[in-house]
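Novice: I'm passing along protein-v1.cif; it holds mmCIF, C-alpha atoms.
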data_target
loop_
_atom_site.group_PDB
_atom_site.id
_atom_site.type_symbol
_atom_site.label_atom_id
_atom_site.label_comp_id
_atom_site.auth_asym_id
_atom_site.auth_seq_id
_atom_site.Cartn_x
_atom_site.Cartn_y
_atom_site.Cartn_z
ATOM 1 C CA ALA A 3 46.016 -48.390 -41.083
ATOM 2 C CA LEU A 4 49.282 -47.047 -42.528
ATOM 3 C CA LEU A 5 50.371 -50.542 -43.584
ATOM 4 C CA LYS A 6 46.974 -51.410 -45.061
ATOM 5 C CA ASP A 7 46.720 -48.163 -47.018
ATOM 6 C CA SER A 8 50.336 -48.311 -48.219
ATOM 7 C CA ILE A 9 49.819 -51.848 -49.569
ATOM 8 C CA LEU A 10 46.693 -50.657 -51.380
ATOM 9 C CA VAL A 11 48.532 -47.669 -52.876
ATOM 10 C CA ARG A 12 51.450 -49.901 -53.950
ATOM 11 C CA HIS A 13 48.912 -52.017 -55.847
ATOM 12 C CA ALA A 14 47.467 -48.836 -57.396
ATOM 13 C CA ARG A 15 50.934 -47.742 -58.552
ATOM 14 C CA HIS A 16 51.357 -51.080 -60.323
ATOM 15 C CA LEU A 17 48.087 -50.464 -62.195
ATOM 16 C CA ALA A 18 48.739 -46.774 -62.879
ATOM 17 C CA GLY A 19 49.984 -47.295 -66.436
ATOM 18 C CA ASP A 20 46.492 -48.365 -67.520
ATOM 19 C CA TYR A 21 44.805 -45.247 -66.166
ATOM 20 C CA ASP A 22 44.952 -41.477 -66.629
ATOM 21 C CA LEU A 23 45.162 -40.521 -62.965
ATOM 22 C CA LEU A 24 45.508 -41.891 -59.443
ATOM 23 C CA ILE A 25 43.301 -40.145 -56.863
ATOM 24 C CA SER A 26 43.441 -40.384 -53.080
ATOM 25 C CA THR A 27 40.766 -38.937 -50.820
ATOM 26 C CA SER A 28 42.314 -40.445 -47.672
ATOM 27 C CA GLY A 29 45.275 -38.118 -47.312
ATOM 28 C CA GLU A 30 48.707 -37.942 -48.860
ATOM 29 C CA HIS A 31 50.307 -41.020 -50.426
ATOM 30 C CA ASP A 32 53.098 -42.024 -52.762
ATOM 31 C CA LEU A 33 50.996 -42.123 -55.913
ATOM 32 C CA GLY A 34 54.085 -42.276 -58.076
ATOM 33 C CA GLY A 35 54.462 -38.516 -58.141
ATOM 34 C CA HIS A 36 51.670 -37.573 -60.529
ATOM 35 C CA GLY A 37 48.451 -38.127 -58.629
ATOM 36 C CA LEU A 38 45.700 -35.997 -57.113
ATOM 37 C CA GLN A 39 45.277 -36.181 -53.337
ATOM 38 C CA TYR A 40 42.835 -34.616 -50.889
ATOM 39 C CA VAL A 41 44.242 -34.198 -47.382
ATOM 40 C CA HIS A 42 41.919 -34.220 -44.387
ATOM 41 C CA PHE A 43 44.935 -34.190 -42.026
ATOM 42 C CA PRO A 44 48.609 -34.926 -42.838
ATOM 43 C CA ARG A 45 49.192 -38.583 -42.086
ATOM 44 C CA PHE A 46 52.996 -38.223 -41.956
ATOM 45 C CA GLU A 47 52.973 -35.719 -39.086
ATOM 46 C CA PRO A 48 55.160 -36.576 -36.066
ATOM 47 C CA PHE A 49 53.147 -38.885 -33.843
ATOM 48 C CA SER A 50 51.635 -37.420 -30.671
ATOM 49 C CA PRO A 51 51.182 -40.291 -28.192
ATOM 50 C CA PRO A 52 48.223 -40.370 -25.805
ATOM 51 C CA ASP A 53 48.663 -40.039 -22.053
ATOM 52 C CA PRO A 54 49.224 -42.557 -20.536
ATOM 53 C CA THR A 55 51.266 -43.951 -23.415
ATOM 54 C CA PRO A 56 51.019 -47.694 -24.180
ATOM 55 C CA LEU A 57 54.189 -49.416 -25.381
ATOM 56 C CA HIS A 58 53.111 -49.592 -29.040
ATOM 57 C CA HIS A 59 52.387 -45.842 -29.080
ATOM 58 C CA ARG A 60 55.796 -44.687 -27.879
ATOM 59 C CA ALA A 61 57.973 -42.684 -30.246
ATOM 60 C CA LEU A 62 60.585 -45.343 -31.104
ATOM 61 C CA PRO A 63 58.155 -48.212 -31.907
ATOM 62 C CA VAL A 64 56.039 -45.867 -34.050
ATOM 63 C CA GLN A 65 59.131 -44.600 -35.906
ATOM 64 C CA LEU A 66 60.352 -48.152 -36.557
ATOM 65 C CA TYR A 67 56.885 -49.202 -37.699
ATOM 66 C CA ARG A 68 56.647 -46.330 -40.181
ATOM 67 C CA ARG A 69 60.111 -47.030 -41.599
ATOM 68 C CA GLY A 70 59.254 -50.711 -41.950
ATOM 69 C CA VAL A 71 55.996 -49.929 -43.766
ATOM 70 C CA PHE A 72 57.736 -47.592 -46.214
ATOM 71 C CA ARG A 73 60.468 -50.133 -46.944
ATOM 72 C CA VAL A 74 58.111 -53.098 -47.395
ATOM 73 C CA THR A 75 55.708 -51.202 -49.661
ATOM 74 C CA GLY A 76 58.297 -49.248 -51.651
ATOM 75 C CA THR A 77 56.870 -45.933 -50.473
ATOM 76 C CA VAL A 78 59.077 -42.968 -51.391
ATOM 77 C CA ARG A 79 58.152 -39.994 -49.255
ATOM 78 C CA ALA A 80 59.804 -37.522 -51.647
ATOM 79 C CA ARG A 81 57.267 -38.463 -54.333
ATOM 80 C CA VAL A 82 54.332 -37.511 -52.087
ATOM 81 C CA GLY A 83 54.964 -33.792 -52.594
ATOM 82 C CA ARG A 84 54.936 -34.110 -56.378
ATOM 83 C CA ASN A 85 51.199 -34.858 -56.452
ATOM 84 C CA ARG A 86 48.668 -32.110 -56.920
ATOM 85 C CA THR A 87 47.416 -31.628 -53.388
ATOM 86 C CA LEU A 88 44.161 -30.234 -52.052
ATOM 87 C CA ALA A 89 43.520 -29.656 -48.335
ATOM 88 C CA ASN A 90 40.220 -29.188 -46.527
ATOM 89 C CA SER A 91 41.373 -26.039 -44.690
ATOM 90 C CA ALA A 92 44.167 -23.462 -44.696
ATOM 91 C CA TRP A 93 45.143 -24.753 -41.241
ATOM 92 C CA VAL A 94 45.698 -28.271 -42.618
ATOM 93 C CA ALA A 95 47.400 -26.845 -45.723
ATOM 94 C CA GLN A 96 49.929 -25.005 -43.563
ATOM 95 C CA ARG A 97 50.774 -28.195 -41.667
ATOM 96 C CA TYR A 98 51.096 -30.154 -44.917
ATOM 97 C CA ARG A 99 53.329 -27.468 -46.443
ATOM 98 C CA ALA A 100 55.622 -27.472 -43.400
ATOM 99 C CA LEU A 101 55.834 -31.257 -43.482
ATOM 100 C CA HIS A 102 56.455 -31.825 -47.194
ATOM 101 C CA ASP A 103 57.738 -28.441 -48.421
ATOM 102 C CA ALA A 104 55.315 -28.755 -51.325
ATOM 103 C CA ALA A 105 52.479 -26.810 -52.935
ATOM 104 C CA VAL A 106 48.948 -27.311 -51.630
ATOM 105 C CA GLU A 107 45.608 -25.701 -52.498
ATOM 106 C CA VAL A 108 42.657 -25.225 -50.137
ATOM 107 C CA LEU A 109 39.266 -26.637 -51.092
ATOM 108 C CA HIS A 110 36.738 -26.450 -48.258
ATOM 109 C CA PRO A 111 34.268 -29.362 -48.360
ATOM 110 C CA PRO A 112 30.606 -28.470 -48.885
ATOM 111 C CA ALA A 113 28.042 -28.672 -46.088
ATOM 112 C CA ALA A 114 25.147 -30.916 -47.016
ATOM 113 C CA GLY A 115 21.590 -29.638 -46.838
ATOM 114 C CA PRO A 116 19.012 -28.528 -47.598
ATOM 115 C CA PHE A 117 18.132 -26.675 -44.399
ATOM 116 C CA PRO A 118 14.608 -25.327 -43.800
ATOM 117 C CA ASP A 119 14.432 -21.542 -44.015
ATOM 118 C CA VAL A 120 13.322 -20.640 -40.479
ATOM 119 C CA PRO A 121 13.363 -16.936 -39.529
ATOM 120 C CA TRP A 122 15.346 -15.928 -36.430
ATOM 121 C CA GLU A 123 12.286 -14.927 -34.402
ATOM 122 C CA ALA A 124 10.758 -18.377 -34.961
ATOM 123 C CA ARG A 125 13.849 -20.250 -33.723
ATOM 124 C CA ALA A 126 14.198 -21.579 -30.184
ATOM 125 C CA ASP A 127 16.834 -20.340 -27.718
ATOM 126 C CA GLY A 128 18.738 -23.585 -28.058
ATOM 127 C CA VAL A 129 22.329 -24.639 -28.711
ATOM 128 C CA VAL A 130 23.141 -27.536 -31.051
ATOM 129 C CA CYS A 131 26.304 -29.613 -30.716
ATOM 130 C CA ILE A 132 27.105 -32.238 -33.358
ATOM 131 C CA GLY A 133 29.916 -34.781 -33.161
ATOM 132 C CA ARG A 134 31.091 -38.237 -32.218
ATOM 133 C CA PHE A 135 30.807 -39.098 -28.539
ATOM 134 C CA GLY A 136 34.602 -39.205 -28.178
ATOM 135 C CA ARG A 137 36.907 -37.406 -25.752
ATOM 136 C CA SER A 138 38.452 -35.165 -28.405
ATOM 137 C CA LYS A 139 35.044 -33.522 -28.886
ATOM 138 C CA ARG A 140 35.070 -32.318 -25.236
ATOM 139 C CA LEU A 141 31.322 -32.637 -24.746
ATOM 140 C CA GLU A 142 31.706 -32.304 -20.970
ATOM 141 C CA VAL A 143 33.253 -28.857 -21.537
ATOM 142 C CA ILE A 144 30.329 -27.857 -23.748
ATOM 143 C CA ILE A 145 27.869 -28.965 -21.065
ATOM 144 C CA GLU A 146 29.762 -26.868 -18.507
ATOM 145 C CA ILE A 147 29.774 -23.813 -20.803
ATOM 146 C CA VAL A 148 26.019 -23.937 -21.406
ATOM 147 C CA GLU A 149 25.405 -24.592 -17.717
ATOM 148 C CA ARG A 150 27.359 -21.444 -16.815
ATOM 149 C CA VAL A 151 25.461 -19.390 -19.409
ATOM 150 C CA ARG A 152 22.201 -20.664 -17.928
ATOM 151 C CA ALA A 153 23.419 -19.737 -14.431
ATOM 152 C CA ALA A 154 24.015 -16.208 -15.733
ATOM 153 C CA GLY A 155 20.337 -15.932 -16.636
ATOM 154 C CA SER A 156 19.873 -17.284 -20.185
ATOM 155 C CA PRO A 157 17.405 -20.206 -20.295
ATOM 156 C CA LEU A 158 19.210 -22.058 -23.098
ATOM 157 C CA ARG A 159 18.579 -25.692 -23.946
ATOM 158 C CA LEU A 160 21.388 -27.902 -25.247
ATOM 159 C CA HIS A 161 20.856 -30.443 -28.042
ATOM 160 C CA VAL A 162 23.723 -32.944 -28.389
ATOM 161 C CA VAL A 163 23.698 -35.006 -31.585
ATOM 162 C CA GLY A 164 26.055 -37.870 -32.393
ATOM 163 C CA LEU A 165 26.981 -41.523 -32.184
ATOM 164 C CA ALA A 166 29.065 -43.358 -29.590
ATOM 165 C CA ASP A 167 32.713 -43.496 -30.655
ATOM 166 C CA ASP A 168 34.114 -44.320 -27.209
ATOM 167 C CA PRO A 169 31.613 -46.465 -25.224
ATOM 168 C CA ASP A 170 32.983 -45.429 -21.818
ATOM 169 C CA TYR A 171 32.969 -41.743 -22.709
ATOM 170 C CA ALA A 172 29.509 -42.014 -24.260
ATOM 171 C CA ALA A 173 28.215 -43.532 -20.990
ATOM 172 C CA GLU A 174 29.820 -40.654 -19.082
ATOM 173 C CA ILE A 175 28.093 -38.066 -21.293
ATOM 174 C CA ARG A 176 24.754 -39.869 -20.967
ATOM 175 C CA ARG A 177 25.084 -39.673 -17.176
ATOM 176 C CA LEU A 178 25.857 -35.939 -17.322
ATOM 177 C CA ALA A 179 22.923 -35.327 -19.652
ATOM 178 C CA ASN A 180 20.539 -37.470 -17.609
ATOM 179 C CA ALA A 181 21.335 -35.419 -14.496
ATOM 180 C CA ARG A 182 20.350 -32.293 -16.469
ATOM 181 C CA ARG A 183 17.486 -33.730 -18.470
ATOM 182 C CA ASP A 184 15.395 -30.605 -17.925
ATOM 183 C CA TRP A 185 17.622 -28.711 -20.393
ATOM 184 C CA ILE A 186 19.820 -31.285 -22.227
ATOM 185 C CA THR A 187 18.541 -33.640 -24.934
ATOM 186 C CA LEU A 188 20.747 -36.352 -26.482
ATOM 187 C CA TYR A 189 20.059 -37.574 -30.011
ATOM 188 C CA GLU A 190 21.702 -40.740 -31.308
ATOM 189 C CA GLY A 191 21.090 -41.892 -34.868
ATOM 190 C CA LEU A 192 19.171 -38.903 -36.249
ATOM 191 C CA SER A 193 18.304 -39.023 -39.949
ATOM 192 C CA ARG A 194 19.665 -36.295 -42.207
ATOM 193 C CA ALA A 195 16.231 -34.662 -42.496
ATOM 194 C CA GLU A 196 15.777 -34.682 -38.709
ATOM 195 C CA LEU A 197 19.241 -33.182 -38.186
ATOM 196 C CA CYS A 198 18.632 -30.382 -40.699
ATOM 197 C CA ALA A 199 15.276 -29.579 -39.090
ATOM 198 C CA LEU A 200 16.848 -29.489 -35.609
ATOM 199 C CA ILE A 201 19.649 -27.142 -36.720
ATOM 200 C CA ALA A 202 17.259 -24.796 -38.529
ATOM 201 C CA GLY A 203 14.988 -24.648 -35.495
ATOM 202 C CA GLN A 204 17.659 -23.410 -33.049
ATOM 203 C CA ARG A 205 19.583 -20.138 -32.815
ATOM 204 C CA TYR A 206 23.063 -21.256 -31.764
ATOM 205 C CA GLY A 207 25.684 -23.894 -32.415
ATOM 206 C CA ILE A 208 28.768 -24.943 -30.472
ATOM 207 C CA HIS A 209 31.786 -27.180 -31.061
ATOM 208 C CA GLY A 210 34.455 -28.101 -28.530
ATOM 209 C CA MET A 211 37.306 -29.875 -30.310
ATOM 210 C CA VAL A 212 40.735 -28.250 -30.256
ATOM 211 C CA ALA A 213 42.948 -28.639 -33.366
ATOM 212 C CA GLU A 214 39.893 -29.527 -35.428
ATOM 213 C CA HIS A 215 40.938 -30.208 -39.024
ATOM 214 C CA PHE A 216 37.891 -28.553 -40.611
ATOM 215 C CA SER A 217 34.662 -29.654 -38.845
ATOM 216 C CA MET A 218 31.781 -30.530 -41.090
ATOM 217 C CA ALA A 219 29.586 -30.136 -38.000
ATOM 218 C CA VAL A 220 30.437 -26.447 -37.731
ATOM 219 C CA ALA A 221 29.917 -25.973 -41.471
ATOM 220 C CA GLU A 222 26.451 -27.527 -41.166
ATOM 221 C CA LEU A 223 25.561 -25.349 -38.176
ATOM 222 C CA VAL A 224 26.574 -22.183 -40.045
ATOM 223 C CA ALA A 225 24.838 -23.278 -43.246
ATOM 224 C CA GLY A 226 21.717 -23.947 -41.189
ATOM 225 C CA GLY A 227 21.710 -20.379 -39.866
ATOM 226 C CA CYS A 228 23.058 -20.898 -36.334
ATOM 227 C CA ILE A 229 25.403 -18.397 -34.678
ATOM 228 C CA SER A 230 28.204 -20.804 -33.790
ATOM 229 C CA PHE A 231 30.890 -20.761 -31.120
ATOM 230 C CA VAL A 232 34.165 -22.690 -31.541
ATOM 231 C CA PRO A 233 37.664 -22.756 -30.024
ATOM 232 C CA ASP A 234 40.035 -20.230 -31.623
ATOM 233 C CA ASP A 235 42.019 -23.055 -33.175
ATOM 234 C CA GLY A 236 42.126 -25.299 -36.240
ATOM 235 C CA GLY A 237 40.364 -25.108 -39.585
ATOM 236 C CA GLN A 238 36.957 -24.486 -38.009
ATOM 237 C CA CYS A 239 37.857 -20.794 -37.574
ATOM 238 C CA GLU A 240 37.802 -20.414 -41.366
ATOM 239 C CA ILE A 241 34.113 -21.329 -41.421
#
Could you spell out this file's structure in structure tokens?

Specialist:
Amino acid sequence: ALLKDSILVRHARHLAGDYDLLISTSGEHDLGGHGLQYVHFPRFEPFSPPDPTPLHHRALPVQLYRRGVFRVTGTVRARVGRNRTLANSAWVAQRYRALHDAAVEVLHPPAAGPFPDVPWEARADGVVCIGRFGRSKRLEVIIEIVERVRAAGSPLRLHVVGLADDPDYAAEIRRLANARRDWITLYEGLSRAELCALIAGQRYGIHGMVAEHFSMAVAELVAGGCISFVPDDGGQCEI
């Protein structure tokens, strides 16, 4: 992805003289030093390899790859910090600032709606979780949390909404949900209207990802009127 995007941006720099402004919404880039960029998460951060670590994800190969990409595409990292930079959260902005020693402004993205106006007393005692079915979302932890709350005497239902990002993990979550089908419902491929109606009809929201950059899911839950629970980490705390 770094090579592909850097080749695209090199092409954009060649065309820049014919335009007023270069804009990137896919993170920071060498836009020639006078562009506008919106950072979802700093792409030049030191690489954190998964565990177990495959050969191509070890520190030295990744470092060599990045250097090769910059050299081949004429990317000058020092020019990245000269762009006007917006970040989706103060948490991301702090990481960008530490990485590039450059100014950055925070612009939280808007949560899409509209959400039906359902009064609290008309909402169900349910918890909504929205996110990709991927391991970083820690859906198994969310299931355990709600299960423990239920064991303490609260008859909550859990509504898990998303799409399969990791097929093996998605199958694992389906098995967990199927074994608890009396209080867990999985939704895959909900329309926007159906999602907004589901959020507005429940009282609570929950999100499990640690080091979440911003979390549009949490923003939607809050905008839809749900009391939401998140890890004390990442940009989601700002919501």

Novice: Can you list, as a PyMOL selection string, every protein, DNA or RNA residue that comes within 12 Å of A:Arg45 when you count only C-alpha atoms, leaving out same-chain residues fewer than 5 positions away?

Specialist: chain A and resi 3-4+7-8+28-32+40+50+68+79+82+94+97-98+101-102

Novice: Which residue is closest to A:Pro116? Choose from A:Arg15, A:Arg194, A:His215, A:Arg60 and count all atoms listed in the file.

Specialist: A:Arg194

Novice: Identify, on the basis of only C-alpha atoms, every residue whose closest approach to A:Val224 does not exceed 12 Å; exclude the query and any residue fewer than 3 positions from it along the same chain; express the result as a PyMOL selection string.

Specialist: chain A and resi 112-115+117+130-131+198+201-202+204-209+217-221+227-232+238-241

Novice: Could you write out as a PyMOL selection string the residues that the PyMOL selection byres ((chain A and resi 125) around 8) matches in the shown file?

Specialist: chain A and resi 120-124+126-127+202-205

Novice: Please compute the atom CA of A:Val71-atom CA of A:Glu214 distance, one decimal, in Å.

Specialist: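 Value for the atom CA of A:Val71-atom CA of A:Glu214 distance: 27.3 Å.
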
Novice: Atom CA of A:Asp103 and atom CA of A:Gly83 are how many Å apart?

Specialist: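 If I compute the distance from atom CA of A:Asp103 to atom CA of A:Gly83, I get 7.3 Å.
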
Novice: With only C-alpha atoms as the basis for distance, which of A:Gly19, A:Gly136, A:Gly70, A:Pro111 is at the shortest distance from A:His42?

Specialist: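 With only C-alpha atoms as the atom set, the closest residue is A:Pro111.
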
Novice: Expressed in Å to a single decimal, how great is the separation between atom CA of A:Gly236 and atom CA of A:Ala105?

Specialist: 19.7 Å

Novice: Would you pick out the contacts of A:Met211 at 7 Å or less, using all atoms listed in the file, so that residues sharing its chain but fewer than 3 positions from it are not included, and give the list as a count of residues only?

Specialist: 4

Novice: Spell out the residues picked by the PyMOL selection byres ((chain A and resi 141-150) around 8) here, as a ChimeraX atom specification.

Specialist: /A:135,137,139-140,151-154,158,160,175,178,208-210

Novice: Excluding A:Arg73 and any residue of its chain fewer than 4 positions from it, enumerate the residues within 12 Å of it, using only C-alpha atoms, and give them as a PyMOL selection string.

Specialist: chain A and resi 5+8-9+12+66-69+77-79

Novice: Residues at most 7 Å from A:Glu107, counting all atoms listed in the file, excluding those fewer than 2 positions away in the same chain, as a list in words?

Specialist: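 Listed by chain and then number, they are Thr87, Leu88, Ala89, Ala105 and Leu109 of chain A.
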
Novice: Around all of stretch 64-74 of chain A's listed atoms, make the axis-aligned box with 8 Å on each side and tell me centre and edge lengths in Å to one decimal, as AutoDock Vina command-line options.

Specialist:
--center_x 58.2 --center_y -48.8 --center_z -40.7 --size_x 20.5 --size_y 24.5 --size_z 29.3
